[in-house]
Every structure is written in structure tokens, then in C-alpha cells.
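Shown next, in C-alpha cells, is the structure this report addresses.
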Amino acid sequence: MTLFDSPFMINALRAGTIVAVVAGVMGWFMVLRRQTFAGHTLSLVGFPGAAGAILLGLSPAVGYFGFCLAAGFLIALASPPVGSALYSEESAVIGSVQAFALACGFLFVNLYHRNLNGLTSLLFGSFLGITSGQVLSLLAVAVPALVALALIARPLLFASVDPEVAAASGLPVRVLAVMFLLLLGVAAAEASQITGSLLVFALLVLPPATSQVITGRPLLGIGISVALGLTVTWAGRVMAYCTP
Amino acid sequence: MAGAATSTAVDDVIRARGASVRFGERLLWSGVELDIAPGTFSAILGPNGVGKSTLLKVLLGLQTLASGTVSVLGEPAGAARRRIGYVPQRKGFDRTLRIRGLEVVRLGLDGNRWGMPLPGPRARLSREAVAEVVRLVGASEYAGRPIGELSGGEQQRLVVAQALVRQPELLLLDEPLDNLDLANQAAVASLVQRICRERGVTVVMVAHDVNPILPYLDEVVYVAKGKAVVGPPKDVITTETLSALYGAPVEVLRASDGRLVVVGTPEAPAHHTDRHAG
């Protein structure tokens with residue numbers, strides 16, 4: 001009798017692995033770009049998204065992705081252009097999105113009436129009862145998102161570290177910012193389904209922030225970030241399994 | 001640089017004719033005529049807010065002209081962007097930015113390339129090119145440390161290396177000596193001069209204080225009152241020329257150590273007059 005004999009545990013590990021990899025990579029850029037507040041908000045937005053989808057009788061996944069992508073787009077549009085560095089303006093926009101999203105979430109939950117258990121799992125996640133189909137759908141989103149990030153990785157790094165020079169050299173800095181927030185929205189939506197909206201932050205922030213303290217090499221840093229994410233996710237699963 | 005020599009040796013690197021820039025209702029400057037020869041070191045001087053940085057942005061093609069024409073390296077402004085190295089004005093990198101200096105330099109080389117960097121001969125060439133410019137600016141010792149942890153002078157050398165790594169024919173620097181102590185001002189100024197002379201790179205530097213670069217300058221572009229005067233420093237930074245430009249009596253004094261001080265510039269704020277040497 002081992003950990004891997006129970007199918008629900010295997011699916012939980014698979015889903016956790018996918019989510020840890022995506023969050024570790026996207027999170028590294030998020031921390032580098034000082035967009036943790038945006039990342040936090042995108043994570044929380046998954047909650048009204050999923051609640052709304054359930055209310056309409058749709059799959060929660062639809063709500064997660066729909067709301068996270070829409071919020072990512074909204075934040076990107078409202079962000080000030082390069083060079084003006086109006087960080088407080090961006091924060092105000094993000095804060096408004098967050099407040100609105102949370103209010104919607106509780107409205108949807110109240111309209112739904114039934115099944116208050118669902119609320120806990122939307123907020124704090126649940127990795128039990130993940131089906132193979134859900135694992136596949138996580139993978140089907142994760143792979144294109146990671147490929148897209150790989151394609152824009154160097155210009156995005158340039159635009160994050162040195163936006164003015166990047167713009168002067170002809171890079172579309174604004175477009176890159178929008179693309180990154182959309183990808184971050186995807187990562188948040190993926191992670192929300194496993195960790196719940198409130199705990200996404202743990203996977204999206206802690207491993208990358210730790211790795212950036214350890215190294216200033218981008219590729220190595222992303223690797224460490226993913227490794228840390230995987231370690232804590234697997235450790236969490238094993239502990240949950242071993243706890244009666 | 002061989003290509004540069006054949007294509008631009010006879011022509012000016014920068015040529016402006018009747019150039020003017022307008023911000024909404026306000027005419028920033030107008031009638032600017034520039035002829036910057038290859039391999040020269042020029043400075044754009046003038047009080048705060050007259051549009052010195054804007055002039056650099058025009059050369060980069062990031063700011064459009066209201067009238068007149070500008071050509072850079074024989075092409076319309078903006079078309080030659082890849083042949084220009086640019087160091088913008090900045091307060092320094094965020095202290096908490098934990099990316100190595102080497103990485104920041106390398107972005108100047110391949111930061112525009114889409115796709116993942118793959119190991120191979122190309123990656124080795126990139127590494128060598130980066131190591132070479134880092135040696136040139138004398139930053140090898142600390143280039144492996146996170147850039148946010150480095151001092152202002154160290155960061156400035158690395159961003160100059162970043163601008164040089166693609167072997168540009170023209171180097172545009174926006175107040176690179178600002179926020180540096182006197183020793184570092186002198187060191188960065190002489191580094192830029194060495195790049196200009198040894199590599200034949202044409203340098204245009206926006207400067208707040210002319211004195212650290214005065215011994216090296218071939219040409220001065222003095223912007224004030226919506227106009228610009230161009231010429232060698234000894235002709236431009238004089239009581240007569242600057243008084244005519246400002247349309248008010250201005251006095252250029254030479255201190256005993258050779259430093260120039262411009263006194264009585266009408267637009268300059270009082271606490272800056274002592275630094276307005278040009």
C-alpha cells in the first residue's frame with residue numbers, strides 16, 4: 001500500500017505538479033516586475049469567476065479562466081504607459097478590480113444558496129476528487145501558456161528590467177505588458193483550481209521570491225523557483241495523505 | 001565599424017534642418033540646425049526643462065518633429081535605431097532588483113530577440129561579446145553581482161556597456177554623470193571619451209554640467225529660450241553667444257582651475273545657478 005496506489009492521489013500529484021510549474025515560471029516574472037499585487041488580485045478574481053460559473057450551471061474552470069483573463073486585460077489597459085512610473089495609479093486600479101471582484105463573489109455565493117461547502121473549496125482549494133479529465137484540461141492550458149512565455153521571454157525580461165531602453169530599441173513594451181498579465185491570469189486561474197483563490201499567492205510568490213534571493217541568473221532562478229514550488233506541493237500532498 | 005566609415009565618412013552622422021518640437025500649444029524649440037561629424041564628442045547643454053532629452057528622443061525616432069527634418073546615420077530618425085546605443089536618464093536600478101549586471105548588459109545584445117536562448121555557438125559568441133564590453137568599461141570585477149546592489153558609478157559603467165554591446169555607430173547618453181560623485185563623473189567621462197576616440201563611435205551626451213567633459217568636447221549644442229546654438233565649446237560657451245541666445249545679459253566666468261561657470265541665466269532656478277556651467 002503506497003501513496004501511488006490511490007488514483008485520486010495520483011491525479012492530485014499530477015495537477016499539483018502542473019500548477020507548481022506554471023506558477024513557478026510566471027511567478028518569477030511577476031516578482032521581477034513588481035506585480036505581486038496584480039497577481040494577488042488575479043488570483044482572488046478566480047473566486048467570483050468560479051462562483052458565477054456555478055450559479056449559471058457552468059464548469060467552475062470556465063469561470064476561473066474567464067474572470068482571470070478579463071481582469072488581467074482590464075489591469076493591463078488601465079496601467080500607465082512606460083516611463084511615467086505611476087505605480088500608485090496602477091495600484092488604485094488593481095485595488096478597485098479586487099474589491100469589485102470580491103463583492104461579486106459573495107453576491108454570487110449568496111444568490112446560489114445551496115452547498116456552502118463549495119465556498120471553502122473555492123477559497124482554500126481542494127485537491128481531492130480531481131479527475132483525469134481535469135488534469136488533462138490543466139495541461140492543455142499550461143503547455144501553450146508556457147510556450148507563449150518562452151517565445152516572449154527575452155523581450156519580456158528586457159522590458160521588465162530596463163523598460164526605457166527596451167522601448168528605445170523598438171520593443172513593444174506595452175503589448176508585452178498586456179501579454180504578460182494575460183499569461184499571469186492563466187497561471188492564477190490554473191492555480192486557483194487546486195489551491196483555491198486565497199492560497200494561490202503562496203505558489204505564485206514564495207518560490208520565485210525565494211529563488212531571486214538565491215540567484216541573479218534568470219534561467220537558474222526560474223529553475224529554482226519551479227523546484228521549490230514542486231517540493232512544497234509534493235510535500236503538502238504527502239503530508240495530507242499521511243495525516244489521518 | 002568599416003561599414004560605418006564607408007557609408008558615413010563624408011556625411012554627417014546627425015543632420016537637422018529647421019527642426020522644431022511642439023508639446024500641445026507650446027513650442028519647445030524651433031529652427032534647430034545640426035551637423036554632427038562622425039567620431040566626434042558633442043554635448044547638449046542648457047537649463048532644466050528646455051528639451052535637451054527631447055532632442056535625444058527625436059534622434060531615436062521616439063518624438064516626432066512639428067516641422068523640419070532630421071537624419072541619423074544617413075536614414076530618417078528611427079530607422080537607424082539598431083545602429084544607435086542609448087543610455088537614458090535614470091535614478092539607478094531598484095535596490096531590490098536581483099538580476100546580475102552581466103544579464104543587463106546582455107539584454108542590450110539579444111533582448112530584442114524572440115524565442116528562447118539556446119546553447120550553442122551563438123550563445124558562446126554572445127557571452128564573449130558581453131565579457132569584452134564589460135572589460136572595456138572596467139566592470140569585470142562586479143558584473144556578476146545583482147545590479148541593484150551596485151553603486152551609481154558601477155551601474156553607470158554597466159549601462160554604458162549595455163549600450164555598446166551591439167557595437168553602435170552612435171552613442172546617445174542622457175545625463176549619465178548625474179547622481180555620480182566627482183571622482184566617478186571624471187571616470188565615466190573619460191571612459192566615454194576613450195570609446196569615442198578608440199572605437200570611432202560618435203557620442204552625443206546631454207549634460208547638466210559641462211565641466212567634467214569640457215576637455216573632451218568637439219562640439220556643443222546649447223539649448224535655451226526655444227533655440228539652439230551649435231559650435232565648438234570655446235565659441236558657444238561665451239558671454240557674447242549665451243547673452244545673445246538668452247536675450248539677456250549672461251556672464252561666463254572661468255575659475256582658476258579652468259572650470260566654467262555661467263552666471264545670470266534667466267530661466268535657471270536660483271539653487272542651480274552655481275552648477276550651470278553650460
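Residues in the C-alpha cells are named by chain (A, B, ... in the order shown) and by number from 1 within that chain; ligands are numbered from 1 in the order shown.
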
Quiz item: Could you write out, as a ChimeraX atom specification, all the residues of segment 13-143 of chain B that DSSP marks as strand (DSSP E or B)?
Solution: /B:14-23,26-36,41-45,67-72,75-76,84-87,100

Practice problem: Specify as a ChimeraX atom specification all residues of chain A found within 12 Å of chain B, counting only C-alpha atoms. | Solution: /A:28-29,31-34,83,85,146-173,176,208-221

Restricted to N, CA and C atoms, what would the selected residues look like written as a compact mmCIF listing (two decimals), in the first residue's frame?
# COMPACT_ATOMS: atom_id res chain seq x y z
N TRP A 28 7.97 33.98 -11.32
CA TRP A 28 9.32 34.55 -11.35
C TRP A 28 9.29 35.91 -12.06
N PHE A 29 8.58 35.96 -13.20
CA PHE A 29 8.47 37.23 -13.91
C PHE A 29 7.62 38.24 -13.13
N VAL A 31 7.30 38.54 -9.84
CA VAL A 31 8.09 39.13 -8.76
C VAL A 31 9.11 40.11 -9.33
N LEU A 32 9.73 39.73 -10.46
CA LEU A 32 10.71 40.60 -11.10
C LEU A 32 10.08 41.92 -11.51
N ARG A 33 8.84 41.86 -12.01
CA ARG A 33 8.14 43.05 -12.50
C ARG A 33 7.42 43.81 -11.39
N ARG A 34 7.57 43.36 -10.15
CA ARG A 34 6.89 44.01 -9.01
C ARG A 34 5.38 44.04 -9.23
N GLY A 83 7.50 54.59 -18.51
CA GLY A 83 8.23 55.82 -18.28
C GLY A 83 7.55 56.74 -17.29
N ALA A 85 5.80 55.80 -14.79
CA ALA A 85 6.06 55.20 -13.48
C ALA A 85 5.04 55.59 -12.42
N LEU A 146 3.00 28.17 -21.35
CA LEU A 146 4.45 28.15 -21.13
C LEU A 146 5.20 28.37 -22.44
N VAL A 147 4.67 27.81 -23.54
CA VAL A 147 5.31 28.03 -24.85
C VAL A 147 5.25 29.51 -25.20
N ALA A 148 4.09 30.12 -24.98
CA ALA A 148 3.95 31.55 -25.29
C ALA A 148 4.93 32.37 -24.46
N LEU A 149 5.07 32.02 -23.20
CA LEU A 149 6.01 32.77 -22.34
C LEU A 149 7.44 32.58 -22.83
N ALA A 150 7.77 31.35 -23.23
CA ALA A 150 9.13 31.10 -23.72
C ALA A 150 9.43 31.96 -24.94
N LEU A 151 8.43 32.14 -25.81
CA LEU A 151 8.63 32.93 -27.02
C LEU A 151 8.90 34.40 -26.72
N ILE A 152 8.24 34.93 -25.68
CA ILE A 152 8.44 36.36 -25.38
C ILE A 152 9.42 36.57 -24.22
N ALA A 153 10.06 35.48 -23.76
CA ALA A 153 10.82 35.56 -22.51
C ALA A 153 11.89 36.65 -22.52
N ARG A 154 12.74 36.68 -23.56
CA ARG A 154 13.83 37.65 -23.54
C ARG A 154 13.35 39.09 -23.67
N PRO A 155 12.48 39.40 -24.65
CA PRO A 155 11.97 40.77 -24.69
C PRO A 155 11.23 41.15 -23.40
N LEU A 156 10.53 40.17 -22.79
CA LEU A 156 9.82 40.47 -21.54
C LEU A 156 10.82 40.77 -20.43
N LEU A 157 11.90 40.02 -20.38
CA LEU A 157 12.94 40.28 -19.38
C LEU A 157 13.52 41.68 -19.59
N PHE A 158 13.79 42.01 -20.86
CA PHE A 158 14.34 43.33 -21.21
C PHE A 158 13.36 44.42 -20.76
N ALA A 159 12.10 44.25 -21.12
CA ALA A 159 11.09 45.26 -20.81
C ALA A 159 10.86 45.36 -19.30
N SER A 160 11.12 44.29 -18.56
CA SER A 160 10.90 44.31 -17.12
C SER A 160 12.06 44.97 -16.40
N VAL A 161 13.29 44.66 -16.85
CA VAL A 161 14.48 45.16 -16.16
C VAL A 161 14.78 46.60 -16.57
N ASP A 162 14.54 46.93 -17.83
CA ASP A 162 15.03 48.17 -18.41
C ASP A 162 14.03 48.72 -19.42
N PRO A 163 12.81 49.09 -18.96
CA PRO A 163 11.74 49.41 -19.91
C PRO A 163 12.08 50.52 -20.90
N GLU A 164 12.79 51.53 -20.43
CA GLU A 164 13.05 52.67 -21.33
C GLU A 164 13.97 52.30 -22.48
N VAL A 165 15.04 51.56 -22.16
CA VAL A 165 15.97 51.16 -23.22
C VAL A 165 15.28 50.16 -24.15
N ALA A 166 14.46 49.28 -23.57
CA ALA A 166 13.74 48.31 -24.39
C ALA A 166 12.83 49.03 -25.38
N ALA A 167 12.13 50.06 -24.91
CA ALA A 167 11.24 50.82 -25.79
C ALA A 167 12.05 51.55 -26.84
N ALA A 168 13.20 52.12 -26.43
CA ALA A 168 14.02 52.87 -27.38
C ALA A 168 14.58 51.95 -28.46
N SER A 169 14.78 50.67 -28.11
CA SER A 169 15.33 49.76 -29.11
C SER A 169 14.23 49.18 -29.99
N GLY A 170 13.00 49.63 -29.80
CA GLY A 170 11.92 49.26 -30.71
C GLY A 170 11.02 48.15 -30.22
N LEU A 171 11.18 47.71 -28.97
CA LEU A 171 10.30 46.64 -28.46
C LEU A 171 8.93 47.22 -28.10
N PRO A 172 7.85 46.47 -28.37
CA PRO A 172 6.51 46.92 -27.99
C PRO A 172 6.26 46.65 -26.50
N VAL A 173 6.79 47.52 -25.66
CA VAL A 173 6.77 47.29 -24.20
C VAL A 173 5.35 47.16 -23.66
N LEU A 176 3.82 43.83 -24.59
CA LEU A 176 4.41 42.79 -23.75
C LEU A 176 3.77 42.78 -22.37
N PRO A 208 9.24 32.00 -6.32
CA PRO A 208 10.05 32.93 -7.11
C PRO A 208 10.80 33.94 -6.25
N ALA A 209 10.13 34.47 -5.22
CA ALA A 209 10.80 35.47 -4.39
C ALA A 209 12.01 34.85 -3.70
N THR A 210 11.86 33.60 -3.25
CA THR A 210 13.00 32.92 -2.63
C THR A 210 14.12 32.73 -3.64
N SER A 211 13.76 32.29 -4.84
CA SER A 211 14.79 32.00 -5.83
C SER A 211 15.53 33.28 -6.25
N GLN A 212 14.83 34.42 -6.24
CA GLN A 212 15.51 35.66 -6.63
C GLN A 212 16.47 36.15 -5.55
N VAL A 213 16.27 35.67 -4.33
CA VAL A 213 17.25 35.99 -3.29
C VAL A 213 18.50 35.12 -3.51
N ILE A 214 18.25 33.90 -4.02
CA ILE A 214 19.36 32.95 -4.16
C ILE A 214 20.25 33.28 -5.35
N THR A 215 19.66 33.64 -6.51
CA THR A 215 20.48 33.84 -7.70
C THR A 215 20.01 35.02 -8.55
N GLY A 216 20.95 35.64 -9.27
CA GLY A 216 20.63 36.71 -10.20
C GLY A 216 20.68 36.24 -11.64
N ARG A 217 20.77 34.89 -11.85
CA ARG A 217 20.75 34.35 -13.21
C ARG A 217 19.33 33.95 -13.56
N PRO A 218 18.75 34.51 -14.63
CA PRO A 218 17.34 34.27 -14.93
C PRO A 218 16.98 32.79 -15.10
N LEU A 219 17.70 32.06 -15.94
CA LEU A 219 17.30 30.67 -16.20
C LEU A 219 17.41 29.82 -14.94
N LEU A 220 18.54 29.97 -14.24
CA LEU A 220 18.73 29.23 -13.00
C LEU A 220 17.65 29.61 -11.98
N GLY A 221 17.33 30.91 -11.93
CA GLY A 221 16.33 31.40 -10.99
C GLY A 221 14.97 30.78 -11.25

Quiz prompt | Residue neighbourhood segment 15-25 of chain B, 8 Å, only C-alpha atoms, exclusion window fewer than 5 positions, as a ChimeraX atom specification | solution = /B:30-36,64-72

Quiz prompt | Exercise: Arg14 of chain A partners within 12 Å, only C-alpha atoms, chain neighbours under 3 positions left out, as a VMD selection string | solution = chain A and resid 4 7 to 11 17 to 21 127 to 128 130 to 139 194 230 233 to 234 237

Keeping only C-alpha atoms, write those residues as a PDB file, in the first residue's frame.
ATOM      1  CA  PHE A   4       0.593   5.979  -5.645  1.00  0.00           C
ATOM      2  CA  PRO A   7      -5.960   7.130  -8.224  1.00  0.00           C
ATOM      3  CA  PHE A   8      -7.193  10.321  -6.549  1.00  0.00           C
ATOM      4  CA  MET A   9      -3.742  10.797  -5.037  1.00  0.00           C
ATOM      5  CA  ILE A  10      -2.064  10.338  -8.415  1.00  0.00           C
ATOM      6  CA  ASN A  11      -4.358  12.892 -10.020  1.00  0.00           C
ATOM      7  CA  THR A  17       2.841  19.372 -10.486  1.00  0.00           C
ATOM      8  CA  ILE A  18       1.342  21.211 -13.464  1.00  0.00           C
ATOM      9  CA  VAL A  19       0.224  24.085 -11.294  1.00  0.00           C
ATOM     10  CA  ALA A  20       3.543  24.350  -9.452  1.00  0.00           C
ATOM     11  CA  VAL A  21       5.492  24.525 -12.723  1.00  0.00           C
ATOM     12  CA  PHE A 127      -7.101  18.559  -4.433  1.00  0.00           C
ATOM     13  CA  LEU A 128      -9.198  15.561  -3.615  1.00  0.00           C
ATOM     14  CA  ILE A 130      -9.591  15.748  -9.201  1.00  0.00           C
ATOM     15  CA  THR A 131     -10.493  13.744 -12.278  1.00  0.00           C
ATOM     16  CA  SER A 132      -8.157  12.695 -15.090  1.00  0.00           C
ATOM     17  CA  GLY A 133     -10.174  14.955 -17.380  1.00  0.00           C
ATOM     18  CA  GLN A 134      -9.420  17.942 -15.163  1.00  0.00           C
ATOM     19  CA  VAL A 135      -5.724  17.074 -15.186  1.00  0.00           C
ATOM     20  CA  LEU A 136      -5.788  16.980 -18.982  1.00  0.00           C
ATOM     21  CA  SER A 137      -7.554  20.322 -19.209  1.00  0.00           C
ATOM     22  CA  LEU A 138      -4.997  21.857 -16.836  1.00  0.00           C
ATOM     23  CA  LEU A 139      -2.240  20.501 -19.076  1.00  0.00           C
ATOM     24  CA  ILE A 194      -6.037  23.491  -6.988  1.00  0.00           C
ATOM     25  CA  LEU A 230       7.243  21.328  -6.750  1.00  0.00           C
ATOM     26  CA  THR A 233       3.378  20.941  -3.423  1.00  0.00           C
ATOM     27  CA  TRP A 234       4.514  17.325  -3.236  1.00  0.00           C
ATOM     28  CA  ARG A 237       0.246  16.193  -0.769  1.00  0.00           C
TER      29      ARG A 237
END

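Reported to one decimal place, the separation of atom CA of Leu180 of chain B from atom CA of Ala207 of chain B is 12.5 Å.
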
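When the distance limit is 10 Å and only C-alpha atoms are what count, the residues near Val250 of chain B, minus those fewer than 5 positions from it on the same chain, are Thr238, Thr239, Glu240, Thr241, Leu242, Ser243, Ala244, Leu245, Val262, Val263, Gly264, Thr265 and Pro266 of chain B.
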
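Among the candidates B:Pro168, B:Pro121, B:Gly226, B:Pro233, the one nearest to Cys196 of chain B when counting only C-alpha atoms is B:Pro168.
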
Quiz item: Mind checking DSSP for segment 130-201 of chain A and telling me the alpha helix (DSSP H) residues as a ChimeraX atom specification?
Solution: /A:132-161,163-168,173-195,200-201
